[in-house]
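S.K.: For reference, the structure I am asking about is given below.
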Amino acid sequence: MKSNNIFKKFISFSLATLSVIFISNCKGESNQKTELIGLNNFETAKITQTQSLRNLAESAGMRMGTSVLINPLREDGTYREVLGREFNNLTPENAMKFGQLSTARGNYNFADADEIVAFAQNHNMQIHGHTLVWHRNLPDWFKNGQWSRQEAMKILREHIFTVVRRYRGKVTSWDVVNEAISDQGTLRDSIWLQTIGPEYIEMAFRWAHAADPKARLFYNDYNAEQLGKKSHAVYKLVQQLRQKDVPIHGVGFQMHTSIKKPPSSKAVSANIERLEKLGLEVKITEMDVKIHEDDKPRSEKLAAQAKIYQNIANVCLKAPNCNSLTTWGVADHWSWVPKFFNRTDAPLLFDEFYQPKPAYTALSETFYQNK
Ligand code: XIL
């Protein structure tokens, strides 16, 4: 139980009044799950749908999120059903990126983003906006132009105001700046750094805050979850922003990870803790766990994957400043991983038939045990 969440007490009381029905798992996966989460056969049985992941997460004082893609949202009824049932945080996977929204200067097409926001509102979900400033997915007109510092500032300011104002009161939190630190721990040599200089980061936060003073504002990055060159640089950056009174409320840990290199719970905890001392929240914003499909037994890989999801959920549950876990996609066949890394994989909680995987069960059990 998380001590910092008063609302949680009410929720767990309500949930206690619901009957938690366990049905036995006859699929022969129980040994694997027993090993995986250290429970007996009865307990490893599947929790019925009355206990969706979002309800279980909420009863443990957390939110369960996923990124969402516009195509399956429009075309796939099962996708919509699983999305609405299992998750209560939504991050538009691409629809709010600058390059997606703006085809010409001053010209915005919000159709996809609006549809995602409407779905979230209809299903009582919170929206985490992604992302206002990034070095990728930029409009061609901006990428290919020659801009003075003043012009680039004007473009960024207008972009942030246009998008944040439109979703004021609807988007609860924003990834304001995404991936501004390089793998070497220096400021990434992006078009924003080149045209505006390092101040673009604090400007972006100040403009986002002015556009929606109630929105929670995050710096988001990958490979900065544990302790190392990159996470130290992220820490230093957000520490400086705090010292300058820049309106930043938290850090997003993307958590794109893999069974070959499982994150150390201890290191992630220590990192979350030092951010708490700066008064910052942490969200797990884009979690997926690659299993590197090959001819080794799939069940072992799925068990290792489940363990990693479970460990990260536990780390977040234990930290007073970490309250949400988002996976980067609903089901394996919609994951960005196979396309981006050019090999088959299955990094998410649901398989291509929308069947819950061991990772789903492990997360359900973890939330259930922490209610
Ligand atoms: C990815 C999307 O998942 C893909 O669909 C798209 O083609 C490229 O971007 N870090 C981020 C996300 O912050 O925006 C990226 O999303 C994945 C890595």
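Labels used: A, B, ... for chains in the order of the structure tokens, numbers from 1 for residues in each chain, and numbers from 1 for ligands as shown.
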Which residues form the shell of 9 Å around ligand 1 when you count only C-alpha atoms and all ligand atoms, given as a list in words?

M.R.: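 What falls inside 9 Å of ligand 1 is Ser67, Leu69, Pro92, Glu93, Asn94, Lys97, His130, Thr131, Trp134, Arg136, Asn137, Asp175, Asn178, Glu179, Asn220, Asp221, Tyr222, Gln254, His256, Thr285, Glu286, Trp328, Gly329, Trp334, Ser335, Trp336, Val337, Lys339 and Phe340 of chain A.
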
S.K.: Next, dump the selected residues to file, keeping only C-alpha atoms, as a CSV table (one decimal), in the first residue's frame.

M.R.:
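Okay, again_28.csv is ready:
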```csv
chain,number,residue,atom,x,y,z
A,67,SER,CA,0.7,4.3,-25.7
A,69,LEU,CA,-1.9,4.3,-32.1
A,92,PRO,CA,-0.6,9.2,-27.9
A,93,GLU,CA,2.3,7.2,-29.4
A,94,ASN,CA,2.8,9.5,-32.4
A,97,LYS,CA,4.4,14.9,-32.3
A,130,HIS,CA,3.9,13.2,-25.9
A,131,THR,CA,5.9,15.2,-26.9
A,134,TRP,CA,12.1,16.3,-29.7
A,136,ARG,CA,12.9,13.5,-34.3
A,137,ASN,CA,9.5,13.6,-36.0
A,175,ASP,CA,6.6,15.2,-22.0
A,178,ASN,CA,12.2,14.4,-25.0
A,179,GLU,CA,15.7,12.8,-25.3
A,220,ASN,CA,11.6,12.2,-20.7
A,221,ASP,CA,14.5,10.0,-21.8
A,222,TYR,CA,15.7,6.5,-22.5
A,254,GLN,CA,11.1,5.4,-20.9
A,256,HIS,CA,12.8,0.3,-23.2
A,285,THR,CA,6.6,6.3,-19.6
A,286,GLU,CA,7.3,3.8,-22.4
A,328,TRP,CA,4.7,1.4,-25.2
A,329,GLY,CA,1.8,-0.3,-26.9
A,334,TRP,CA,1.4,-3.2,-32.7
A,335,SER,CA,4.7,-2.7,-31.0
A,336,TRP,CA,7.3,-0.3,-32.6
A,337,VAL,CA,10.1,-2.8,-31.7
A,339,LYS,CA,10.0,-2.4,-37.2
A,340,PHE,CA,12.5,-0.2,-35.5
```

S.K.: Just want the 12 Å neighbourhood of Ile155 in chain A, counted on only C-alpha atoms, with same-chain residues fewer than 5 positions away dropped. Output as a list in words.

M.R.: Phe98, Ser102, Ala104, Arg105, Gly106, Asn107, Leu132, Val133, Leu138, Pro139, Trp141, Phe142, Lys143, Gly145, Trp147, Ser148, Arg149, Gln150, Ile160, Phe161, Thr162, Trp192, Thr195, Ile196, Tyr200, Ala204 and Trp207 of chain A

S.K.: Using only C-alpha atoms, which residue out of A:Asn55, A:Gln226, A:Thr326, A:Asn321 lies closest to Leu90 in chain A?

M.R.: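 Among the listed residues, the smallest separation from Leu90 in chain A belongs to A:Thr326.
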
S.K.: Please extract the residues of range 90-189 of chain A with a backbone DSSP assignment of strand (DSSP E) and present them as an mmCIF file with N, CA and C atoms, in the first residue's frame.

M.R.:
```cif
data_model
loop_
_atom_site.group_PDB
_atom_site.id
_atom_site.type_symbol
_atom_site.label_atom_id
_atom_site.label_comp_id
_atom_site.auth_asym_id
_atom_site.auth_seq_id
_atom_site.Cartn_x
_atom_site.Cartn_y
_atom_site.Cartn_z
ATOM 1 N N LEU A 90 -3.362 7.136 -20.949
ATOM 2 C CA LEU A 90 -3.086 7.007 -22.383
ATOM 3 C C LEU A 90 -2.021 7.999 -22.803
ATOM 4 N N THR A 91 -1.054 7.517 -23.592
ATOM 5 C CA THR A 91 -0.082 8.402 -24.226
ATOM 6 C C THR A 91 -0.217 8.239 -25.736
ATOM 7 N N PRO A 92 -0.562 9.311 -26.454
ATOM 8 C CA PRO A 92 -0.579 9.177 -27.922
ATOM 9 C C PRO A 92 0.836 8.825 -28.395
ATOM 10 N N SER A 102 1.876 19.176 -37.770
ATOM 11 C CA SER A 102 2.004 20.388 -38.575
ATOM 12 C C SER A 102 2.611 20.108 -39.943
ATOM 13 N N THR A 103 1.828 20.290 -40.987
ATOM 14 C CA THR A 103 2.337 20.030 -42.338
ATOM 15 C C THR A 103 2.901 21.293 -42.977
ATOM 16 N N ALA A 104 2.479 22.446 -42.512
ATOM 17 C CA ALA A 104 3.037 23.709 -42.999
ATOM 18 C C ALA A 104 3.079 24.667 -41.810
ATOM 19 N N ASN A 107 0.117 25.689 -39.616
ATOM 20 C CA ASN A 107 -0.984 24.826 -40.045
ATOM 21 C C ASN A 107 -0.988 23.542 -39.214
ATOM 22 N N TYR A 108 -2.095 23.277 -38.558
ATOM 23 C CA TYR A 108 -2.154 22.093 -37.688
ATOM 24 C C TYR A 108 -3.327 21.204 -38.063
ATOM 25 N N GLN A 126 -6.630 9.166 -17.982
ATOM 26 C CA GLN A 126 -5.828 10.392 -18.023
ATOM 27 C C GLN A 126 -4.930 10.367 -19.248
ATOM 28 N N ILE A 127 -4.626 11.550 -19.762
ATOM 29 C CA ILE A 127 -3.767 11.609 -20.951
ATOM 30 C C ILE A 127 -2.421 12.222 -20.598
ATOM 31 N N HIS A 128 -1.374 11.498 -21.025
ATOM 32 C CA HIS A 128 -0.014 12.014 -20.902
ATOM 33 C C HIS A 128 0.412 12.449 -22.309
ATOM 34 N N GLY A 129 0.566 13.749 -22.505
ATOM 35 C CA GLY A 129 0.898 14.272 -23.832
ATOM 36 C C GLY A 129 2.346 13.994 -24.203
ATOM 37 N N HIS A 130 2.549 13.616 -25.454
ATOM 38 C CA HIS A 130 3.886 13.219 -25.907
ATOM 39 C C HIS A 130 4.046 13.658 -27.342
ATOM 40 N N THR A 131 4.972 14.455 -27.683
ATOM 41 C CA THR A 131 5.921 15.181 -26.887
ATOM 42 C C THR A 131 6.132 16.534 -27.553
ATOM 43 N N LEU A 132 6.408 17.565 -26.795
ATOM 44 C CA LEU A 132 6.433 18.912 -27.376
ATOM 45 C C LEU A 132 7.737 19.231 -28.099
ATOM 46 N N VAL A 133 8.863 18.816 -27.506
ATOM 47 C CA VAL A 133 10.167 19.150 -28.108
ATOM 48 C C VAL A 133 11.012 17.890 -28.245
ATOM 49 N N VAL A 171 -5.237 17.231 -21.163
ATOM 50 C CA VAL A 171 -3.971 16.504 -20.999
ATOM 51 C C VAL A 171 -3.427 16.856 -19.612
ATOM 52 N N THR A 172 -3.285 15.824 -18.797
ATOM 53 C CA THR A 172 -2.897 16.049 -17.394
ATOM 54 C C THR A 172 -1.411 16.344 -17.255
ATOM 55 N N SER A 173 -0.614 15.664 -18.076
ATOM 56 C CA SER A 173 0.836 15.837 -17.972
ATOM 57 C C SER A 173 1.446 15.786 -19.371
ATOM 58 N N TRP A 174 2.612 16.399 -19.502
ATOM 59 C CA TRP A 174 3.282 16.470 -20.818
ATOM 60 C C TRP A 174 4.729 16.025 -20.723
ATOM 61 N N ASP A 175 5.182 15.287 -21.729
ATOM 62 C CA ASP A 175 6.625 15.174 -21.967
ATOM 63 C C ASP A 175 6.979 16.446 -22.702
ATOM 64 N N VAL A 176 7.530 17.391 -21.982
ATOM 65 C CA VAL A 176 7.821 18.686 -22.607
ATOM 66 C C VAL A 176 9.055 18.545 -23.499
ATOM 67 N N VAL A 177 10.121 18.029 -22.918
ATOM 68 C CA VAL A 177 11.347 17.829 -23.689
ATOM 69 C C VAL A 177 11.691 16.348 -23.672
ATOM 70 N N ASN A 178 11.959 15.804 -24.829
ATOM 71 C CA ASN A 178 12.217 14.375 -24.992
ATOM 72 C C ASN A 178 13.637 14.163 -25.510
#
```

S.K.: At what distance in Å, to one decimal, does CA of Glu281 in chain A lie from CA of Val82 in chain A?

M.R.: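 Going from CA of Val82 in chain A over to CA of Glu281 in chain A covers 27.9 Å.
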
S.K.: What's around range 350-361 of chain A at 8 Å? Count only C-alpha atoms, leave out sequence neighbours fewer than 3 positions away in its own chain, and write the answer as a ChimeraX atom specification.

M.R.: /A:33,46-47,53,78-79,82,302-303,305-307,309-310,330-333,346,364-365

S.K.: Put those residues in a file: N, CA, C and O atoms, as a PDB file, in the first residue's frame.

M.R.:
```
ATOM      1  N   LYS A  33       4.553 -19.748 -14.069  1.00  0.00           N
ATOM      2  CA  LYS A  33       4.149 -18.574 -13.304  1.00  0.00           C
ATOM      3  C   LYS A  33       4.507 -18.727 -11.835  1.00  0.00           C
ATOM      4  O   LYS A  33       4.816 -17.767 -11.152  1.00  0.00           O
ATOM      5  N   LYS A  46      -5.520 -17.366 -12.949  1.00  0.00           N
ATOM      6  CA  LYS A  46      -5.802 -16.075 -13.577  1.00  0.00           C
ATOM      7  C   LYS A  46      -6.883 -15.286 -12.825  1.00  0.00           C
ATOM      8  O   LYS A  46      -7.870 -15.851 -12.385  1.00  0.00           O
ATOM      9  N   ILE A  47      -6.681 -13.999 -12.718  1.00  0.00           N
ATOM     10  CA  ILE A  47      -7.696 -13.155 -12.110  1.00  0.00           C
ATOM     11  C   ILE A  47      -8.717 -12.812 -13.197  1.00  0.00           C
ATOM     12  O   ILE A  47      -8.345 -12.502 -14.312  1.00  0.00           O
ATOM     13  N   LEU A  53      -6.435  -4.740 -15.061  1.00  0.00           N
ATOM     14  CA  LEU A  53      -5.153  -4.207 -14.613  1.00  0.00           C
ATOM     15  C   LEU A  53      -5.302  -2.779 -14.088  1.00  0.00           C
ATOM     16  O   LEU A  53      -4.689  -2.399 -13.095  1.00  0.00           O
ATOM     17  N   THR A  78     -11.240  -5.039 -31.043  1.00  0.00           N
ATOM     18  CA  THR A  78     -10.651  -5.726 -29.886  1.00  0.00           C
ATOM     19  C   THR A  78      -9.601  -4.832 -29.220  1.00  0.00           C
ATOM     20  O   THR A  78      -9.481  -4.770 -28.000  1.00  0.00           O
ATOM     21  N   TYR A  79      -8.839  -4.139 -30.048  1.00  0.00           N
ATOM     22  CA  TYR A  79      -7.853  -3.185 -29.537  1.00  0.00           C
ATOM     23  C   TYR A  79      -8.549  -2.171 -28.628  1.00  0.00           C
ATOM     24  O   TYR A  79      -8.136  -1.929 -27.494  1.00  0.00           O
ATOM     25  N   VAL A  82      -9.759  -3.816 -25.286  1.00  0.00           N
ATOM     26  CA  VAL A  82      -8.680  -4.082 -24.323  1.00  0.00           C
ATOM     27  C   VAL A  82      -8.149  -2.763 -23.753  1.00  0.00           C
ATOM     28  O   VAL A  82      -7.922  -2.629 -22.548  1.00  0.00           O
ATOM     29  N   LEU A 302       9.350 -15.555 -21.874  1.00  0.00           N
ATOM     30  CA  LEU A 302       8.185 -14.806 -21.387  1.00  0.00           C
ATOM     31  C   LEU A 302       8.202 -14.695 -19.864  1.00  0.00           C
ATOM     32  O   LEU A 302       7.763 -13.695 -19.296  1.00  0.00           O
ATOM     33  N   ALA A 303       8.731 -15.737 -19.222  1.00  0.00           N
ATOM     34  CA  ALA A 303       8.839 -15.694 -17.752  1.00  0.00           C
ATOM     35  C   ALA A 303       9.859 -14.637 -17.328  1.00  0.00           C
ATOM     36  O   ALA A 303       9.627 -13.869 -16.386  1.00  0.00           O
ATOM     37  N   GLN A 305      10.669 -12.045 -19.012  1.00  0.00           N
ATOM     38  CA  GLN A 305      10.051 -10.757 -19.329  1.00  0.00           C
ATOM     39  C   GLN A 305       9.087 -10.328 -18.220  1.00  0.00           C
ATOM     40  O   GLN A 305       9.084  -9.183 -17.766  1.00  0.00           O
ATOM     41  N   ALA A 306       8.283 -11.297 -17.782  1.00  0.00           N
ATOM     42  CA  ALA A 306       7.304 -11.008 -16.728  1.00  0.00           C
ATOM     43  C   ALA A 306       8.001 -10.529 -15.470  1.00  0.00           C
ATOM     44  O   ALA A 306       7.550  -9.593 -14.788  1.00  0.00           O
ATOM     45  N   LYS A 307       9.112 -11.156 -15.159  1.00  0.00           N
ATOM     46  CA  LYS A 307       9.865 -10.808 -13.945  1.00  0.00           C
ATOM     47  C   LYS A 307      10.336  -9.347 -14.012  1.00  0.00           C
ATOM     48  O   LYS A 307      10.311  -8.621 -13.016  1.00  0.00           O
ATOM     49  N   TYR A 309       8.965  -6.836 -15.783  1.00  0.00           N
ATOM     50  CA  TYR A 309       7.802  -5.954 -15.572  1.00  0.00           C
ATOM     51  C   TYR A 309       7.456  -5.885 -14.087  1.00  0.00           C
ATOM     52  O   TYR A 309       7.176  -4.820 -13.528  1.00  0.00           O
ATOM     53  N   GLN A 310       7.466  -7.062 -13.463  1.00  0.00           N
ATOM     54  CA  GLN A 310       7.098  -7.124 -12.051  1.00  0.00           C
ATOM     55  C   GLN A 310       8.091  -6.337 -11.182  1.00  0.00           C
ATOM     56  O   GLN A 310       7.682  -5.597 -10.282  1.00  0.00           O
ATOM     57  N   VAL A 330      -0.179  -1.645 -26.787  1.00  0.00           N
ATOM     58  CA  VAL A 330      -1.157  -2.521 -26.136  1.00  0.00           C
ATOM     59  C   VAL A 330      -0.785  -3.986 -26.333  1.00  0.00           C
ATOM     60  O   VAL A 330      -0.707  -4.749 -25.370  1.00  0.00           O
ATOM     61  N   ALA A 331      -0.545  -4.374 -27.594  1.00  0.00           N
ATOM     62  CA  ALA A 331      -0.309  -5.786 -27.901  1.00  0.00           C
ATOM     63  C   ALA A 331       0.875  -5.909 -28.860  1.00  0.00           C
ATOM     64  O   ALA A 331       1.174  -4.986 -29.628  1.00  0.00           O
ATOM     65  N   ASP A 332       1.522  -7.079 -28.797  1.00  0.00           N
ATOM     66  CA  ASP A 332       2.789  -7.279 -29.505  1.00  0.00           C
ATOM     67  C   ASP A 332       2.768  -6.884 -30.982  1.00  0.00           C
ATOM     68  O   ASP A 332       3.752  -6.333 -31.487  1.00  0.00           O
ATOM     69  N   HIS A 333       1.668  -7.190 -31.660  1.00  0.00           N
ATOM     70  CA  HIS A 333       1.682  -6.912 -33.096  1.00  0.00           C
ATOM     71  C   HIS A 333       1.594  -5.423 -33.432  1.00  0.00           C
ATOM     72  O   HIS A 333       1.741  -5.033 -34.582  1.00  0.00           O
ATOM     73  N   ALA A 346       8.358  -9.662 -29.061  1.00  0.00           N
ATOM     74  CA  ALA A 346       7.053  -9.698 -28.392  1.00  0.00           C
ATOM     75  C   ALA A 346       7.196  -9.007 -27.043  1.00  0.00           C
ATOM     76  O   ALA A 346       7.206  -9.638 -25.997  1.00  0.00           O
ATOM     77  N   SER A 364      -0.588  -8.055 -12.590  1.00  0.00           N
ATOM     78  CA  SER A 364      -1.857  -8.134 -11.849  1.00  0.00           C
ATOM     79  C   SER A 364      -1.594  -8.591 -10.417  1.00  0.00           C
ATOM     80  O   SER A 364      -2.111  -8.019  -9.454  1.00  0.00           O
ATOM     81  N   GLU A 365      -0.806  -9.639 -10.292  1.00  0.00           N
ATOM     82  CA  GLU A 365      -0.516 -10.186  -8.961  1.00  0.00           C
ATOM     83  C   GLU A 365       0.219  -9.161  -8.099  1.00  0.00           C
ATOM     84  O   GLU A 365      -0.060  -9.007  -6.916  1.00  0.00           O
TER      85      GLU A 365
END
```

S.K.: Which parts of range 91-264 of chain A does DSSP call alpha helix (DSSP H) when run on the backbone here, written out as a PyMOL selection string?

M.R.: chain A and resi 98-101+111-122+140-143+149-166+191-195+200-211+229-243
